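Have a look at coords12.csv below; it lists CSV, C-alpha atoms.
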```
chain,number,residue,atom,x,y,z
A,28,MET,CA,-2.1,-13.4,25.1
A,29,GLN,CA,-5.6,-13.9,26.4
A,30,ILE,CA,-8.4,-14.5,23.8
A,31,ASP,CA,-12.0,-14.7,24.7
A,32,VAL,CA,-14.8,-15.5,22.2
A,33,LEU,CA,-18.5,-14.8,22.7
A,34,SER,CA,-20.5,-17.3,20.7
A,35,LEU,CA,-23.7,-19.2,20.7
A,36,PHE,CA,-21.9,-22.2,19.2
A,37,PRO,CA,-18.8,-22.9,21.3
A,38,GLU,CA,-18.4,-26.4,19.8
A,39,MET,CA,-17.5,-24.8,16.4
A,40,PHE,CA,-14.1,-23.7,17.9
A,41,ALA,CA,-12.8,-27.3,18.3
A,42,PRO,CA,-10.3,-26.8,15.4
A,43,LEU,CA,-8.4,-24.2,17.5
A,44,THR,CA,-7.0,-27.1,19.6
A,45,GLN,CA,-5.2,-28.4,16.6
A,46,SER,CA,-2.0,-27.6,14.6
A,47,ILE,CA,-0.1,-24.4,15.3
A,48,ILE,CA,-2.8,-22.7,17.4
A,49,GLY,CA,-3.2,-25.8,19.5
A,50,LYS,CA,0.5,-26.0,20.1
A,51,ALA,CA,0.6,-22.3,21.0
A,52,GLN,CA,-1.9,-22.9,23.7
A,53,GLU,CA,0.1,-25.9,25.0
A,54,LYS,CA,3.2,-23.7,25.2
A,55,GLY,CA,1.3,-21.1,27.2
A,56,LEU,CA,1.6,-18.5,24.5
A,57,VAL,CA,-2.1,-17.9,24.3
A,58,ASP,CA,-5.1,-18.8,26.4
A,59,ILE,CA,-8.3,-19.2,24.3
A,60,ARG,CA,-11.7,-19.4,26.1
A,61,ILE,CA,-15.1,-19.6,24.5
A,62,THR,CA,-18.1,-18.2,26.3
A,63,ASP,CA,-21.7,-19.2,25.3
A,64,PHE,CA,-23.3,-15.8,26.0
A,65,ARG,CA,-26.7,-17.5,26.1
A,66,GLN,CA,-26.0,-18.0,29.8
A,67,TYR,CA,-26.4,-14.2,30.1
A,68,ALA,CA,-29.9,-14.2,28.5
A,69,GLU,CA,-32.3,-11.9,30.3
A,70,ASN,CA,-35.3,-14.2,30.1
A,71,LYS,CA,-36.0,-17.7,31.4
A,72,HIS,CA,-36.1,-19.2,27.9
A,73,GLY,CA,-32.5,-18.4,27.1
A,74,HIS,CA,-33.3,-16.2,24.2
A,75,VAL,CA,-30.6,-13.6,23.2
A,76,ASP,CA,-32.4,-12.3,20.1
A,77,ASP,CA,-35.6,-10.4,19.4
A,78,TYR,CA,-37.5,-8.7,16.6
A,79,PRO,CA,-36.2,-5.4,15.3
A,80,PHE,CA,-38.1,-2.2,16.3
A,81,GLY,CA,-39.7,-0.7,13.2
A,82,GLY,CA,-40.1,-4.0,11.6
A,83,GLY,CA,-37.9,-5.9,9.2
A,84,ALA,CA,-36.8,-9.4,8.4
A,85,GLY,CA,-35.0,-11.7,10.8
A,86,MET,CA,-33.9,-11.3,14.4
A,87,LEU,CA,-31.3,-9.2,16.1
A,88,LEU,CA,-28.9,-10.0,18.9
A,89,GLN,CA,-29.8,-8.1,22.0
A,90,VAL,CA,-27.3,-5.8,23.6
A,91,GLY,CA,-28.0,-6.9,27.2
A,92,PRO,CA,-26.5,-10.4,27.0
A,93,ILE,CA,-23.4,-9.2,25.1
A,94,TYR,CA,-22.8,-6.4,27.6
A,95,GLN,CA,-23.1,-8.8,30.6
A,96,ALA,CA,-20.7,-11.3,29.0
A,97,LEU,CA,-18.2,-8.5,28.3
A,98,GLU,CA,-18.4,-7.2,31.9
A,99,ALA,CA,-17.8,-10.7,33.3
A,100,ILE,CA,-14.7,-11.2,31.1
A,101,LYS,CA,-13.4,-7.8,32.0
A,102,ALA,CA,-13.9,-8.5,35.7
A,103,SER,CA,-11.9,-11.7,35.5
A,104,HIS,CA,-9.1,-10.0,33.7
A,105,PRO,CA,-9.0,-6.4,35.1
A,106,ASP,CA,-5.4,-5.7,34.4
A,107,THR,CA,-5.2,-6.3,30.7
A,108,ASP,CA,-5.6,-3.9,27.8
A,109,LYS,CA,-8.5,-5.2,25.8
A,110,ARG,CA,-9.5,-5.0,22.2
A,111,VAL,CA,-13.1,-6.0,21.6
A,112,ILE,CA,-13.7,-7.2,18.1
A,113,LEU,CA,-17.0,-7.4,16.3
A,114,LEU,CA,-17.2,-9.7,13.3
A,115,ASP,CA,-19.5,-7.9,10.9
A,116,PRO,CA,-19.9,-7.5,7.1
A,117,ALA,CA,-19.8,-3.7,7.7
A,118,GLY,CA,-16.4,-3.9,9.3
A,119,LYS,CA,-12.9,-3.1,7.9
A,120,THR,CA,-11.7,-5.9,5.6
A,121,PHE,CA,-9.2,-8.0,7.5
A,122,ASP,CA,-5.6,-8.0,6.2
A,123,GLN,CA,-2.1,-8.9,7.4
A,124,SER,CA,-1.4,-5.5,8.8
A,125,GLN,CA,-4.5,-5.9,11.1
A,126,ALA,CA,-3.2,-9.3,12.2
A,127,GLU,CA,0.1,-7.8,13.1
A,128,SER,CA,-1.6,-5.1,15.1
A,129,LEU,CA,-3.8,-7.6,17.0
A,130,ALA,CA,-0.7,-9.7,17.7
A,131,GLN,CA,0.6,-6.9,19.9
A,132,ALA,CA,-2.5,-6.8,22.1
A,133,ASP,CA,-2.6,-8.4,25.6
A,134,HIS,CA,-6.3,-9.4,25.4
A,135,LEU,CA,-8.6,-9.9,22.5
A,136,ILE,CA,-12.4,-10.4,22.8
A,137,PHE,CA,-14.3,-11.5,19.8
A,138,ILE,CA,-18.1,-11.2,19.4
A,139,CYS,CA,-19.6,-13.6,17.0
A,140,GLY,CA,-23.0,-12.6,15.7
A,141,HIS,CA,-25.8,-14.7,14.4
A,142,TYR,CA,-29.3,-14.2,13.0
A,143,GLU,CA,-29.9,-11.0,11.0
A,144,GLY,CA,-27.6,-8.7,12.8
A,145,TYR,CA,-26.8,-6.8,16.0
A,146,ASP,CA,-28.6,-4.3,18.1
A,147,GLU,CA,-26.7,-1.1,17.1
A,148,ARG,CA,-25.9,-0.3,20.7
A,149,ILE,CA,-23.5,-3.3,20.9
A,150,ARG,CA,-21.1,-1.3,18.7
A,151,HIS,CA,-20.7,1.1,21.6
A,152,TYR,CA,-18.7,-1.6,23.5
A,153,VAL,CA,-16.3,-2.6,20.7
A,154,THR,CA,-12.9,-1.2,19.6
A,155,ASP,CA,-12.6,-3.0,16.2
A,156,GLU,CA,-15.1,-4.1,13.5
A,157,ILE,CA,-13.7,-6.7,11.1
A,158,SER,CA,-15.0,-8.3,8.0
A,159,LEU,CA,-13.4,-11.1,6.0
A,160,GLY,CA,-14.7,-9.7,2.7
A,161,ASP,CA,-17.7,-8.9,0.6
A,162,PHE,CA,-19.8,-12.0,1.4
A,163,VAL,CA,-22.1,-13.1,4.1
A,164,LEU,CA,-21.6,-16.1,6.4
A,165,THR,CA,-24.2,-17.6,8.7
A,166,GLY,CA,-22.4,-16.3,11.8
A,167,GLY,CA,-19.2,-14.8,13.0
A,168,GLU,CA,-17.5,-18.0,14.2
A,169,LEU,CA,-15.6,-18.8,11.0
A,170,GLY,CA,-14.5,-15.2,10.7
A,171,ALA,CA,-13.3,-15.2,14.3
A,172,MET,CA,-11.3,-18.4,13.8
A,173,ALA,CA,-9.6,-17.0,10.7
A,174,VAL,CA,-8.6,-13.8,12.5
A,175,ILE,CA,-7.4,-15.8,15.6
A,176,ASP,CA,-5.3,-18.1,13.4
A,177,ALA,CA,-3.7,-15.2,11.5
A,178,THR,CA,-3.0,-13.4,14.7
A,179,VAL,CA,-1.7,-16.2,17.0
A,180,ARG,CA,0.7,-17.5,14.4
A,181,LEU,CA,2.5,-14.2,14.6
A,182,LEU,CA,3.2,-14.5,18.4
A,183,ASP,CA,6.9,-15.2,19.3
A,184,ASP,CA,7.6,-19.0,19.2
A,185,ALA,CA,4.2,-19.9,17.8
A,186,VAL,CA,5.7,-21.0,14.5
A,187,GLY,CA,8.8,-23.2,14.6
A,188,ASN,CA,10.6,-21.3,11.9
A,189,ALA,CA,10.1,-17.6,12.6
A,190,GLU,CA,11.7,-16.6,9.3
A,191,SER,CA,8.8,-18.3,7.4
A,192,VAL,CA,6.4,-15.8,9.1
A,193,VAL,CA,8.4,-12.9,8.0
A,194,GLU,CA,8.5,-14.1,4.4
A,195,ASP,CA,4.8,-14.9,4.2
A,196,SER,CA,2.6,-13.3,1.5
A,197,PHE,CA,1.5,-9.8,2.5
A,198,SER,CA,4.0,-9.6,5.4
A,199,THR,CA,6.5,-8.0,3.1
A,200,GLY,CA,3.9,-6.1,1.0
A,201,LEU,CA,4.2,-8.6,-1.8
A,202,LEU,CA,2.9,-12.1,-2.6
A,203,GLU,CA,5.3,-14.9,-1.7
A,204,HIS,CA,7.6,-16.2,-4.4
A,205,PRO,CA,7.0,-19.7,-5.9
A,206,GLN,CA,8.5,-22.6,-3.8
A,207,TYR,CA,9.6,-26.1,-4.7
A,208,THR,CA,10.7,-29.3,-3.0
A,209,ARG,CA,11.6,-32.9,-4.1
A,210,PRO,CA,11.5,-34.3,-6.7
A,211,ARG,CA,13.5,-32.1,-8.9
A,212,GLU,CA,11.5,-33.1,-12.0
A,213,PHE,CA,7.8,-34.1,-12.1
A,214,ASN,CA,5.8,-34.7,-15.2
A,215,GLY,CA,8.2,-32.6,-17.2
A,216,MET,CA,8.1,-29.7,-14.7
A,217,THR,CA,11.5,-28.9,-13.3
A,218,VAL,CA,12.8,-26.8,-10.4
A,219,PRO,CA,14.5,-23.6,-11.5
A,220,ASP,CA,18.3,-24.2,-11.7
A,221,VAL,CA,19.1,-21.1,-9.5
A,222,LEU,CA,17.4,-22.7,-6.5
A,223,LEU,CA,19.8,-25.6,-6.7
A,224,SER,CA,22.9,-23.5,-7.4
A,225,GLY,CA,23.9,-22.9,-3.8
A,226,ASP,CA,24.5,-19.2,-4.6
A,227,HIS,CA,22.5,-17.6,-1.8
A,228,ALA,CA,22.8,-14.1,-3.2
A,229,LYS,CA,21.4,-15.2,-6.6
A,230,ILE,CA,18.7,-17.2,-4.9
A,231,ALA,CA,17.6,-14.2,-2.8
A,232,ASP,CA,17.5,-12.1,-5.9
A,233,TRP,CA,15.4,-14.7,-7.7
A,234,LYS,CA,12.9,-15.0,-4.9
A,235,GLN,CA,12.4,-11.2,-4.7
A,236,LYS,CA,12.0,-10.8,-8.5
A,237,GLU,CA,9.5,-13.7,-8.6
A,238,SER,CA,7.6,-12.1,-5.7
A,239,LEU,CA,7.3,-9.0,-7.8
A,240,ARG,CA,6.3,-11.0,-10.8
A,241,ARG,CA,3.6,-12.9,-9.0
A,242,THR,CA,2.3,-9.7,-7.3
A,243,LEU,CA,2.1,-7.9,-10.7
A,244,GLU,CA,0.3,-10.8,-12.3
A,245,ARG,CA,-2.2,-11.6,-9.5
A,246,ARG,CA,-2.5,-8.6,-7.2
A,247,PRO,CA,-1.2,-5.5,-9.0
A,248,ASP,CA,-3.1,-3.3,-6.5
A,249,LEU,CA,-0.6,-4.2,-3.8
A,250,LEU,CA,2.2,-2.5,-5.8
A,251,GLU,CA,0.3,0.9,-5.5
A,252,ASP,CA,1.4,1.2,-1.8
A,253,TYR,CA,4.7,-0.7,-2.1
A,254,GLU,CA,7.9,1.3,-2.1
A,255,LEU,CA,10.2,-0.2,-4.7
A,256,SER,CA,14.0,-0.2,-4.3
A,257,ASN,CA,16.1,0.8,-7.3
A,258,GLN,CA,16.8,-2.8,-8.1
A,259,GLU,CA,13.2,-3.7,-7.8
A,260,LYS,CA,12.3,-1.0,-10.3
A,261,ILE,CA,14.7,-2.6,-12.8
A,262,TRP,CA,13.3,-6.0,-12.2
A,263,LEU,CA,9.7,-4.8,-12.5
A,264,ALA,CA,10.5,-3.1,-15.8
A,265,ASP,CA,12.0,-6.4,-17.1
A,266,ILE,CA,8.9,-8.3,-16.0
A,267,GLN,CA,6.6,-5.9,-17.7
A,268,ALA,CA,8.7,-6.0,-20.9
A,269,ASP,CA,8.4,-9.8,-20.8
A,270,GLN,CA,4.7,-9.6,-20.4
A,271,GLU,CA,4.3,-7.2,-23.3
A,272,GLU,CA,6.5,-9.5,-25.5
A,273,ASN,CA,4.4,-12.5,-24.6
A,274,ASN,CA,1.2,-10.6,-25.3
A,275,GLU,CA,2.2,-9.7,-28.8
```

In structure tokens, write the structure found in this file.
Amino acid sequence: MQIDVLSLFPEMFAPLTQSIIGKAQEKGLVDIRITDFRQYAENKHGHVDDYPFGGGAGMLLQVGPIYQALEAIKASHPDTDKRVILLDPAGKTFDQSQAESLAQADHLIFICGHYEGYDERIRHYVTDEISLGDFVLTGGELGAMAVIDATVRLLDDAVGNAESVVEDSFSTGLLEHPQYTRPREFNGMTVPDVLLSGDHAKIADWKQKESLRRTLERRPDLLEDYELSNQEKIWLADIQADQEENNE
């Protein structure tokens, strides 16, 4: 996979050389390149922003430098199918299904905004608009890194244990079940006996039921679109009965 990022602050992307994303680059699974699009400024001062027509607070990124940077990237990679992603509060809220979709692409290009916003005409050149949520950051760099991290870890061989990716929260439609490691007891808190039983079928059932329990308690909205199996319906009824009993 090829990933290009347009940013005024390339040094912010140093963390992408570390951990799983860094190793994915070392393995040749992904090539991440950061372009300071200030080099495509249309004036001698290197300015890529200007005041909005009609007045208003702040400055807007100009369309020209973004367009020129995109054209240069496309010219250097003419044979790849590209998705151009604008990080913007007005975009679709990012989720695991989007990460899975982006992971299938050959070439991702991220546009990181700054200042007050974008010249609207920039949107003409993008394929996806993404937001991390209902809050405002100083720029698109942190959002781009989050999306890149969530996407690259889904590439084949990016994560050492591929099964762990499949079982992640949201990948199955539910939150992930509780997990434990040594010691068996800590400050009076013990590991559930079933996890130490060696009975793989019972352990699998426990994990799935606890995923349902955690999802119901913390993100019940996820269950609205989740198709329950017959067994899961029984477990969910048991969990709800337990909740009602505890609330009495």

What does the structure give for the distance between CA of Leu159 in chain A and CA of Leu129 in chain A, in Å to one decimal?
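Going from CA of Leu159 in chain A over to CA of Leu129 in chain A, I get 15.0 Å.
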
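For the atom pair formed by CA of Ser34 in chain A and CA of Thr178 in chain A, the distance is 18.9 Å, given to one decimal.
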
Could you check the closest approach to Gln52 in chain A for each of A:Ala117, A:Leu182, A:Ala132, A:Val111 and tell me which residue wins, using all atoms listed in the file?
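Using all atoms listed in the file, Gln52 in chain A sits closest to A:Leu182.
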
Expected residue set, 12 Å radius at (-17.1, 1.1, 22.4), only C-alpha atoms, as a list in words:
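Within 12 Å of (-17.1, 1.1, 22.4), the protein and nucleic acid residues are Tyr94, Leu97, Lys109, Arg110, Val111, Ile112, Leu113, Glu147, Arg148, Ile149, Arg150, His151, Tyr152, Val153, Thr154, Asp155 and Glu156 of chain A.
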
Please provide the set of residues having any atom within 9 Å of Ser158 in chain A, restricted to only C-alpha atoms, with same-chain residues fewer than 4 positions apart removed, written as a list in words.
Leu113, Leu114, Asp115, Pro116, Ala117, Gly118, Lys119, Thr120, Phe121, Phe162 and Gly170 of chain A

Record the distance separating CA of Leu222 in chain A and CA of Arg241 in chain A, expressed in Å with one decimal.
17.1 Å

Name the residues, using the chain letters and numbers of the file, that sit within 12 Å of (-4.2, -10.3, 25.9) when counting all atoms listed in the file, and give them as a PyMOL selection string.
chain A and resi 28-31+56-60+100-101+104-111+129-137+178-179+182

Using only C-alpha atoms, please write the residues we just selected to a file, as an mmCIF file, in the coordinates of the input.
```cif
data_model
loop_
_atom_site.group_PDB
_atom_site.id
_atom_site.type_symbol
_atom_site.label_atom_id
_atom_site.label_comp_id
_atom_site.auth_asym_id
_atom_site.auth_seq_id
_atom_site.Cartn_x
_atom_site.Cartn_y
_atom_site.Cartn_z
ATOM 1 C CA MET A 28 -2.100 -13.400 25.100
ATOM 2 C CA GLN A 29 -5.600 -13.900 26.400
ATOM 3 C CA ILE A 30 -8.400 -14.500 23.800
ATOM 4 C CA ASP A 31 -12.000 -14.700 24.700
ATOM 5 C CA LEU A 56 1.600 -18.500 24.500
ATOM 6 C CA VAL A 57 -2.100 -17.900 24.300
ATOM 7 C CA ASP A 58 -5.100 -18.800 26.400
ATOM 8 C CA ILE A 59 -8.300 -19.200 24.300
ATOM 9 C CA ARG A 60 -11.700 -19.400 26.100
ATOM 10 C CA ILE A 100 -14.700 -11.200 31.100
ATOM 11 C CA LYS A 101 -13.400 -7.800 32.000
ATOM 12 C CA HIS A 104 -9.100 -10.000 33.700
ATOM 13 C CA PRO A 105 -9.000 -6.400 35.100
ATOM 14 C CA ASP A 106 -5.400 -5.700 34.400
ATOM 15 C CA THR A 107 -5.200 -6.300 30.700
ATOM 16 C CA ASP A 108 -5.600 -3.900 27.800
ATOM 17 C CA LYS A 109 -8.500 -5.200 25.800
ATOM 18 C CA ARG A 110 -9.500 -5.000 22.200
ATOM 19 C CA VAL A 111 -13.100 -6.000 21.600
ATOM 20 C CA LEU A 129 -3.800 -7.600 17.000
ATOM 21 C CA ALA A 130 -0.700 -9.700 17.700
ATOM 22 C CA GLN A 131 0.600 -6.900 19.900
ATOM 23 C CA ALA A 132 -2.500 -6.800 22.100
ATOM 24 C CA ASP A 133 -2.600 -8.400 25.600
ATOM 25 C CA HIS A 134 -6.300 -9.400 25.400
ATOM 26 C CA LEU A 135 -8.600 -9.900 22.500
ATOM 27 C CA ILE A 136 -12.400 -10.400 22.800
ATOM 28 C CA PHE A 137 -14.300 -11.500 19.800
ATOM 29 C CA THR A 178 -3.000 -13.400 14.700
ATOM 30 C CA VAL A 179 -1.700 -16.200 17.000
ATOM 31 C CA LEU A 182 3.200 -14.500 18.400
#
```

From the options A:Leu263, A:Leu88, A:Ala99, A:Leu43, which residue's atoms come nearest to Gly144 in chain A, counting only C-alpha atoms?
A:Leu88

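Distances from A:Val174, A:Val186, A:Leu255, A:Leu243 to His204 in chain A were compared using only C-alpha atoms, and the smallest one belongs to A:Leu243.
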
Could you tell me which of A:Gln270, A:Leu33, A:Leu223, A:Lys54 comes closest to Gly140 in chain A if we count only C-alpha atoms?
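Of the candidates, the smallest distance to Gly140 in chain A is held by A:Leu33.
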
Contact residues around range 69-72 of chain A with only C-alpha atoms at 8 Å, ignoring same-chain residues under 3 positions, as an MDAnalysis selection string
chainID A and resid 75 91:92

Compare A:Asp63, A:Ile48, A:Lys229, A:His74 by their minimum atom-to-atom distance to Glu168 in chain A, counting all atoms listed in the file, and give me the closest one.
A:Asp63

Calculated over all atoms listed in the file, which of the candidates A:Gln45, A:Pro219, A:His141, A:Leu35 has the smallest distance to Leu87 in chain A?
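Once distances to Leu87 in chain A are computed over all atoms listed in the file, the minimum belongs to A:His141.
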
Could I get range 228-250 of chain A rebuilt with N, CA and C atoms, written as a short mmCIF file (atom, residue, chain, number, x, y, z; two decimals), in the coordinates of the input?
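Dumped to rebuild04.cif:
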```
data_model
loop_
_atom_site.label_atom_id
_atom_site.label_comp_id
_atom_site.auth_asym_id
_atom_site.auth_seq_id
_atom_site.Cartn_x
_atom_site.Cartn_y
_atom_site.Cartn_z
N ALA A 228 23.08 -15.42 -2.75
CA ALA A 228 22.80 -14.10 -3.20
C ALA A 228 21.86 -14.15 -4.46
N LYS A 229 22.20 -15.05 -5.39
CA LYS A 229 21.40 -15.20 -6.60
C LYS A 229 19.99 -15.75 -6.25
N ILE A 230 19.95 -16.65 -5.29
CA ILE A 230 18.70 -17.20 -4.90
C ILE A 230 17.78 -16.14 -4.26
N ALA A 231 18.38 -15.29 -3.42
CA ALA A 231 17.60 -14.20 -2.80
C ALA A 231 17.08 -13.25 -3.85
N ASP A 232 17.91 -12.94 -4.84
CA ASP A 232 17.50 -12.10 -5.90
C ASP A 232 16.31 -12.70 -6.71
N TRP A 233 16.45 -14.00 -7.00
CA TRP A 233 15.40 -14.70 -7.70
C TRP A 233 14.08 -14.68 -6.98
N LYS A 234 14.15 -14.94 -5.70
CA LYS A 234 12.90 -15.00 -4.90
C LYS A 234 12.24 -13.59 -4.89
N GLN A 235 13.03 -12.54 -4.74
CA GLN A 235 12.40 -11.20 -4.70
C GLN A 235 11.84 -10.82 -6.05
N LYS A 236 12.54 -11.16 -7.12
CA LYS A 236 12.00 -10.80 -8.50
C LYS A 236 10.75 -11.62 -8.75
N GLU A 237 10.71 -12.89 -8.34
CA GLU A 237 9.50 -13.70 -8.60
C GLU A 237 8.36 -13.26 -7.69
N SER A 238 8.66 -12.72 -6.52
CA SER A 238 7.60 -12.10 -5.70
C SER A 238 6.96 -10.95 -6.42
N LEU A 239 7.82 -10.12 -7.01
CA LEU A 239 7.30 -9.00 -7.80
C LEU A 239 6.49 -9.48 -8.98
N ARG A 240 6.97 -10.50 -9.67
CA ARG A 240 6.30 -11.00 -10.80
C ARG A 240 4.88 -11.54 -10.44
N ARG A 241 4.84 -12.34 -9.38
CA ARG A 241 3.60 -12.90 -9.00
C ARG A 241 2.59 -11.82 -8.49
N THR A 242 3.13 -10.82 -7.79
CA THR A 242 2.30 -9.70 -7.30
C THR A 242 1.72 -8.94 -8.49
N LEU A 243 2.56 -8.66 -9.48
CA LEU A 243 2.10 -7.90 -10.70
C LEU A 243 1.03 -8.69 -11.41
N GLU A 244 1.21 -10.01 -11.50
CA GLU A 244 0.30 -10.80 -12.30
C GLU A 244 -1.05 -11.04 -11.53
N ARG A 245 -0.99 -11.18 -10.21
CA ARG A 245 -2.20 -11.60 -9.50
C ARG A 245 -2.80 -10.52 -8.59
N ARG A 246 -1.97 -9.65 -8.04
CA ARG A 246 -2.50 -8.60 -7.20
C ARG A 246 -1.75 -7.28 -7.44
N PRO A 247 -1.88 -6.73 -8.64
CA PRO A 247 -1.20 -5.50 -9.00
C PRO A 247 -1.53 -4.34 -8.04
N ASP A 248 -2.69 -4.42 -7.41
CA ASP A 248 -3.10 -3.30 -6.50
C ASP A 248 -2.15 -3.20 -5.32
N LEU A 249 -1.49 -4.30 -4.94
CA LEU A 249 -0.60 -4.20 -3.80
C LEU A 249 0.65 -3.36 -4.12
N LEU A 250 0.99 -3.25 -5.39
CA LEU A 250 2.20 -2.50 -5.80
C LEU A 250 1.92 -0.97 -5.66
#
```
